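Just below is one structure, and these are the notes that go with it.
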Amino acid sequence: MKRTGCAVVGGGPAGMMLGLLLARAGVQVTVLEKHGDFLRDFRGDTVHASTVRLIDELGLGEGFRNLPQSRLTRVAFPIPGAGLVTLGDFTSLKPPYNYIAMMPQWDFLNFLATEAAREPSFTLLMEHEATALIYDGGTVAGVRYRTRRGSQGGSGPGGEGADGELYADLVVATDGRHSVLRRAAGLQPKEYPVPFDTWWFKLLRHASEKGAVAGIVPAFRGSEAMIALFRDDYYQMGYLGPKGSDTRIRAEGVERFRERVAALRPDLADRVDAIRTLDDLHWLDVRLDRLRRWYVDGLLCIGDAAHAMSPAGGVGINLAIQDAVAAADRLAPVLLRGRAQVKDLAAVQRRRRLPTVVLQTVQRIMHRAVFVPLFAGRMTGPPPVLLFFVRHAPVVRRLLPRLIAFGPRPEHAPAFARATKLDPMTSPTDTAVDAAAARARLLELIKELAVVRGKVILSSGAEADYYIDLRRITLHHEASKLVGQVMLSLVDDAGIDFECAGGLTMGADPVGTAVMHAAVDAGRTVDAFVVRKAQKSYGMGRQVEGPSVDGRNVLVLEDTSTTGGSALTAVEGVRKAGGNVVAVAVIVDRDTGAKEKIEAETGVPYLFAFGKDELGLS
Ligand SMILES: Cc1cc2nc3c(=O)[nH]c(=O)nc-3n(C[C@H](O)[C@H](O)[C@H](O)COP(=O)(O)OP(=O)(O)OC[C@H]3O[C@@H](n4cnc5c(N)ncnc54)[C@H](O)[C@@H]3O)c2cc1C
């Protein structure tokens, strides 16, 4: 009987990344891919900034940058009469993660496969198509597969394909939008209507055009749109037409299709003869759906198998990879010990559901605002309201490139998978396997140790029925570490990057050091700092102590806030010292208006880990 720790079905972006990460943790992992190579054309090509950062964290940056690629530095739409209007300018992001890499997906998947193959516990079985699940009682215990003729892993007696079985502690379905395994498990996605389909084809690229333009160029006309991706020696073209029109397009014949292409891109009209027959046209049924539950006992679905993404915004590959990182982070330590429990699988869904919902909602809005009017022949570009915000609202101009390049809740490489590896059984990520568990324990401790009931006068002068003494938490032998983990994941979940953490002495001091240690445990570089209540009049006359915050992204912390005064003093001190404050975060918010005041006066988000309702104080 063949057996592995984790059977990953599908060698797309989600499956290959998961295979690499689990193998780096030492988990026995087997990836089954039904095709014989990754050389399938007409796949998405985008490698987003958060994935480039992940590749660097894995120590693979040099090899990745050696792959043929171009850089997309902005997303723009051609507007009649207004030229190209930029929707997202990635150069406004912090280098070196201020672009989207465009590379053929097969190069990227080959690269991941090569790196994974260096790990002794990794196996890749090409031409192995999973056909069914194996059950042991009510639990998924493995997969049945069929090999192609003559492929590795055994062919039948006459050289024909053969059936086989692979047992595993966990099966992960990364088999894409038409997932066989999720269907076999009885998991039914909720479908959202998509107004268009895509037809992919190739057009020649003249030598003189080589390297001329990087990225995606969309074109709109009447009720049609088209995008062009730049390949080494050809253009990969995607024709976007109303859903359900494949039969009509084919009935109209190849000449009519050539005319459509020439009308949409007159600059490419000289080469439309390259579309010889309509067999050169590959129809892609675009879907947008999401599973309510991503798992059953023994099986987890991630990537498009859990949530098929539309090409709108080109975020599906990145999201699939982020799912893989979150899954590896939570499941590697568990799989090294044995089977993953349902609660472990639920933790992965909990972590990844929110970013999926956010991005799918944005895609649905794009469908309604751009594609529905387009296919009704009412629009030839992005809606005016979007353009207005992009042009006139600085916050939209700042947030849009960040949302596209990093997505909500970007993931970082688990410590065990980084260039300098830590043992997942003993590394700090083990205790952080379930951030929810850390949060739940911290809440217990706050309720038990820090909440003091009775009439008290607060430092702000206000009177209250209770007092929360968070020093009893931030200086507590067990709670201090939890404070670091909880605050770090609070800020990570908000998609905010920072390099320094601290605040006004002394409430913020232990919070800053706890966050610093949690970040360092996760393999990141974060310094702490202390803001004095007033600038020193002696020595170097500094108000902000510790490694310099000048020119760095700073997270201002506080244990709790009533009027917001301490945090505001800290923000002012940091800004005077040249720091770029990116957020204010507190452990407990007392719902006394601090959030509104701080956000209004500083212009940065105010985050809190616990509200007073959660502490039973409302
Ligand atoms: C037209 C179109 C264009 C897109 N363009 C972009 C883009 O530019 N950028 C972007 O980020 N996203 C894009 N997307 C979305 C993106 O392609 C997906 O979200 C992403 O590829 C999902 O990755 P995945 O690993 O979950 O699944 P997939 O990439 O679908 O990979 C699934 C893998 O599983 C294999 N497989 C399937 N069934 C089995 C089986 N039974 N046994 C074994 N192996 C199996 C498949 O061969 C495949 O290799 C686009 C989507 C569409 C429809």
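By convention in this document, the chains of the structure tokens carry letters A, B, ... by their order, each chain's residues are numbered from 1, and ligands are numbered from 1 in the order they are shown.
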
Enumerate residues in contact with ligand 1: an atom-to-atom distance of at most 6 Å, counting only C-alpha atoms and all ligand atoms. Format the result as an MDAnalysis selection string. chainID A and resid 9:15 32:35 43:46 128:131 174:177 179:180 198 284 286 303:305 309:311 314:318 320

Prev. selection, N, CA and C atoms, output as a compact mmCIF listing (two decimals), in the first residue's frame:
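Saved to selection.txt:
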```txt
# COMPACT_ATOMS: atom_id res chain seq x y z
N VAL A 9 -3.32 17.18 -4.48
CA VAL A 9 -3.81 16.83 -5.81
C VAL A 9 -3.95 18.08 -6.67
N GLY A 10 -3.06 18.21 -7.67
CA GLY A 10 -3.08 19.37 -8.56
C GLY A 10 -1.79 20.15 -8.45
N GLY A 11 -1.02 20.20 -9.53
CA GLY A 11 0.26 20.91 -9.51
C GLY A 11 0.14 22.30 -10.12
N GLY A 12 -0.84 23.07 -9.68
CA GLY A 12 -0.94 24.48 -10.06
C GLY A 12 -0.20 25.32 -9.02
N PRO A 13 -0.42 26.63 -9.02
CA PRO A 13 0.29 27.48 -8.05
C PRO A 13 0.05 27.06 -6.60
N ALA A 14 -1.20 26.74 -6.24
CA ALA A 14 -1.48 26.37 -4.84
C ALA A 14 -0.78 25.06 -4.49
N GLY A 15 -0.90 24.05 -5.35
CA GLY A 15 -0.36 22.73 -5.05
C GLY A 15 1.15 22.72 -5.00
N LEU A 32 0.29 15.16 -6.94
CA LEU A 32 -0.15 14.46 -8.16
C LEU A 32 -0.65 15.49 -9.16
N GLU A 33 -0.11 15.44 -10.37
CA GLU A 33 -0.54 16.37 -11.43
C GLU A 33 -0.97 15.55 -12.64
N LYS A 34 -2.13 15.86 -13.17
CA LYS A 34 -2.65 15.00 -14.24
C LYS A 34 -1.92 15.19 -15.57
N HIS A 35 -1.35 16.37 -15.79
CA HIS A 35 -0.64 16.60 -17.06
C HIS A 35 0.81 16.11 -16.98
N ARG A 43 -2.70 30.36 -19.33
CA ARG A 43 -2.91 30.45 -17.89
C ARG A 43 -2.57 31.88 -17.48
N GLY A 44 -2.96 32.25 -16.28
CA GLY A 44 -2.59 33.58 -15.79
C GLY A 44 -1.09 33.66 -15.61
N ASP A 45 -0.57 34.87 -15.69
CA ASP A 45 0.88 35.06 -15.71
C ASP A 45 1.41 35.92 -14.60
N THR A 46 0.55 36.37 -13.70
CA THR A 46 0.99 37.41 -12.78
C THR A 46 1.57 36.82 -11.50
N HIS A 128 -0.49 11.80 -13.22
CA HIS A 128 -1.28 11.06 -12.24
C HIS A 128 -2.56 11.85 -12.00
N GLU A 129 -3.64 11.33 -12.49
CA GLU A 129 -4.91 12.04 -12.37
C GLU A 129 -5.74 11.42 -11.25
N ALA A 130 -6.03 12.22 -10.23
CA ALA A 130 -6.87 11.71 -9.14
C ALA A 130 -8.28 11.51 -9.68
N THR A 131 -8.86 10.37 -9.34
CA THR A 131 -10.19 10.08 -9.88
C THR A 131 -11.24 9.96 -8.78
N THR A 174 -6.02 20.73 -4.62
CA THR A 174 -5.60 21.97 -5.28
C THR A 174 -5.82 21.76 -6.78
N ASP A 175 -6.92 21.07 -7.10
CA ASP A 175 -7.14 20.67 -8.49
C ASP A 175 -8.03 21.65 -9.25
N GLY A 176 -8.06 22.89 -8.78
CA GLY A 176 -8.61 23.97 -9.60
C GLY A 176 -10.13 24.06 -9.64
N ARG A 177 -10.58 24.88 -10.60
CA ARG A 177 -11.99 25.28 -10.65
C ARG A 177 -12.96 24.14 -10.86
N SER A 179 -12.64 21.12 -9.66
CA SER A 179 -12.14 20.12 -8.71
C SER A 179 -12.98 18.84 -8.66
N VAL A 180 -12.30 17.75 -8.98
CA VAL A 180 -12.93 16.43 -8.92
C VAL A 180 -13.11 16.03 -7.45
N THR A 198 -13.77 33.87 -21.65
CA THR A 198 -12.53 34.31 -22.31
C THR A 198 -12.15 33.31 -23.39
N LEU A 284 -12.46 29.56 -22.49
CA LEU A 284 -12.35 29.34 -21.04
C LEU A 284 -13.62 29.80 -20.34
N VAL A 286 -15.38 31.10 -17.64
CA VAL A 286 -14.98 31.83 -16.43
C VAL A 286 -16.00 31.60 -15.32
N GLY A 303 -7.14 27.23 -2.82
CA GLY A 303 -7.00 27.78 -4.18
C GLY A 303 -8.34 27.75 -4.88
N ASP A 304 -8.29 27.65 -6.22
CA ASP A 304 -9.53 27.67 -7.00
C ASP A 304 -10.46 26.51 -6.63
N ALA A 305 -9.94 25.43 -6.07
CA ALA A 305 -10.80 24.32 -5.68
C ALA A 305 -11.75 24.75 -4.56
N MET A 309 -11.71 31.86 -9.04
CA MET A 309 -11.59 33.31 -9.21
C MET A 309 -11.76 33.68 -10.67
N SER A 310 -12.37 34.82 -10.88
CA SER A 310 -12.48 35.38 -12.22
C SER A 310 -11.13 36.00 -12.58
N PRO A 311 -10.84 36.19 -13.87
CA PRO A 311 -9.57 36.85 -14.21
C PRO A 311 -9.56 38.34 -13.85
N GLY A 314 -6.75 39.89 -12.02
CA GLY A 314 -5.61 38.96 -12.06
C GLY A 314 -5.06 38.61 -10.70
N VAL A 315 -5.94 38.23 -9.76
CA VAL A 315 -5.49 37.99 -8.39
C VAL A 315 -5.55 36.52 -7.98
N GLY A 316 -6.06 35.64 -8.87
CA GLY A 316 -6.33 34.26 -8.47
C GLY A 316 -5.09 33.47 -8.11
N ILE A 317 -4.00 33.67 -8.86
CA ILE A 317 -2.77 32.90 -8.60
C ILE A 317 -2.23 33.27 -7.23
N ASN A 318 -2.19 34.58 -7.00
CA ASN A 318 -1.65 35.06 -5.74
C ASN A 318 -2.47 34.54 -4.55
N ALA A 320 -4.28 31.87 -4.44
CA ALA A 320 -4.06 30.43 -4.29
C ALA A 320 -2.75 30.18 -3.54
```

Select from stretch 54-147 of chain A everything DSSP, run on the backbone, classes as strand (DSSP E or B), then give the selection as a ChimeraX atom specification. /A:70-72,74-79,83-89,100-102,122-126,128-136,139-147

Spatial neighbours of A:Asp550, max dist 10 Å, only C-alpha atoms, sep filter under 6 positions, as a PyMOL selection string: chain A and resi 574-580

Tell me which protein, DNA and RNA residues are within 9 Å of A:Pro414, counting only C-alpha atoms, leaving out same-chain ones fewer than 6 positions away, and put them as number ranges by chain. A: 21, 57-58, 325-326, 328-329, 424, 429, 522-523

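Non-sequential neighbours of A:Gly36 (distance at most 9 Å, separation of 4 or more positions within a chain, only C-alpha atoms) are Met126, Glu127, His128, Arg148 and Ser151 of chain A.
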
Using only C-alpha atoms, tabulate the residues of stretch 50-79 of chain A lying at most 9 Å from any atom of stretch 409-413 of chain A, each with its closest atom pair and that distance in Å to one decimal, by chain and increasing residue number, as JSON lines.
```
{"residue": "A:Ser50", "atom": "CA", "partner": "A:Pro410", "partner_atom": "CA", "distance": 6.4}
{"residue": "A:Thr51", "atom": "CA", "partner": "A:Glu411", "partner_atom": "CA", "distance": 8.7}
{"residue": "A:Arg53", "atom": "CA", "partner": "A:His412", "partner_atom": "CA", "distance": 8.0}
{"residue": "A:Leu54", "atom": "CA", "partner": "A:Ala413", "partner_atom": "CA", "distance": 5.8}
{"residue": "A:Ile55", "atom": "CA", "partner": "A:Ala413", "partner_atom": "CA", "distance": 8.3}
{"residue": "A:Glu57", "atom": "CA", "partner": "A:Ala413", "partner_atom": "CA", "distance": 6.1}
{"residue": "A:Leu58", "atom": "CA", "partner": "A:Ala413", "partner_atom": "CA", "distance": 6.6}
```

Kindly export the residues of the current selection with N, CA and C atoms, as a PDB file, in the first residue's frame.
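Saved to selection.pdb:
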```pdb
ATOM      1  N   SER A  50       3.318  40.360  -3.139  1.00  0.00           N
ATOM      2  CA  SER A  50       3.353  39.555  -1.909  1.00  0.00           C
ATOM      3  C   SER A  50       3.982  38.191  -2.177  1.00  0.00           C
ATOM      4  N   THR A  51       3.817  37.669  -3.399  1.00  0.00           N
ATOM      5  CA  THR A  51       4.443  36.385  -3.726  1.00  0.00           C
ATOM      6  C   THR A  51       5.943  36.574  -3.950  1.00  0.00           C
ATOM      7  N   ARG A  53       7.752  38.740  -2.445  1.00  0.00           N
ATOM      8  CA  ARG A  53       8.305  38.868  -1.090  1.00  0.00           C
ATOM      9  C   ARG A  53       8.431  37.488  -0.432  1.00  0.00           C
ATOM     10  N   LEU A  54       7.419  36.663  -0.638  1.00  0.00           N
ATOM     11  CA  LEU A  54       7.441  35.301  -0.091  1.00  0.00           C
ATOM     12  C   LEU A  54       8.632  34.513  -0.652  1.00  0.00           C
ATOM     13  N   ILE A  55       8.849  34.650  -1.969  1.00  0.00           N
ATOM     14  CA  ILE A  55       9.960  33.945  -2.624  1.00  0.00           C
ATOM     15  C   ILE A  55      11.285  34.386  -1.992  1.00  0.00           C
ATOM     16  N   GLU A  57      11.651  35.534   1.060  1.00  0.00           N
ATOM     17  CA  GLU A  57      11.713  34.983   2.419  1.00  0.00           C
ATOM     18  C   GLU A  57      12.134  33.511   2.394  1.00  0.00           C
ATOM     19  N   LEU A  58      11.798  32.835   1.292  1.00  0.00           N
ATOM     20  CA  LEU A  58      12.173  31.423   1.160  1.00  0.00           C
ATOM     21  C   LEU A  58      13.623  31.269   0.696  1.00  0.00           C
TER      22      LEU A  58
END
```
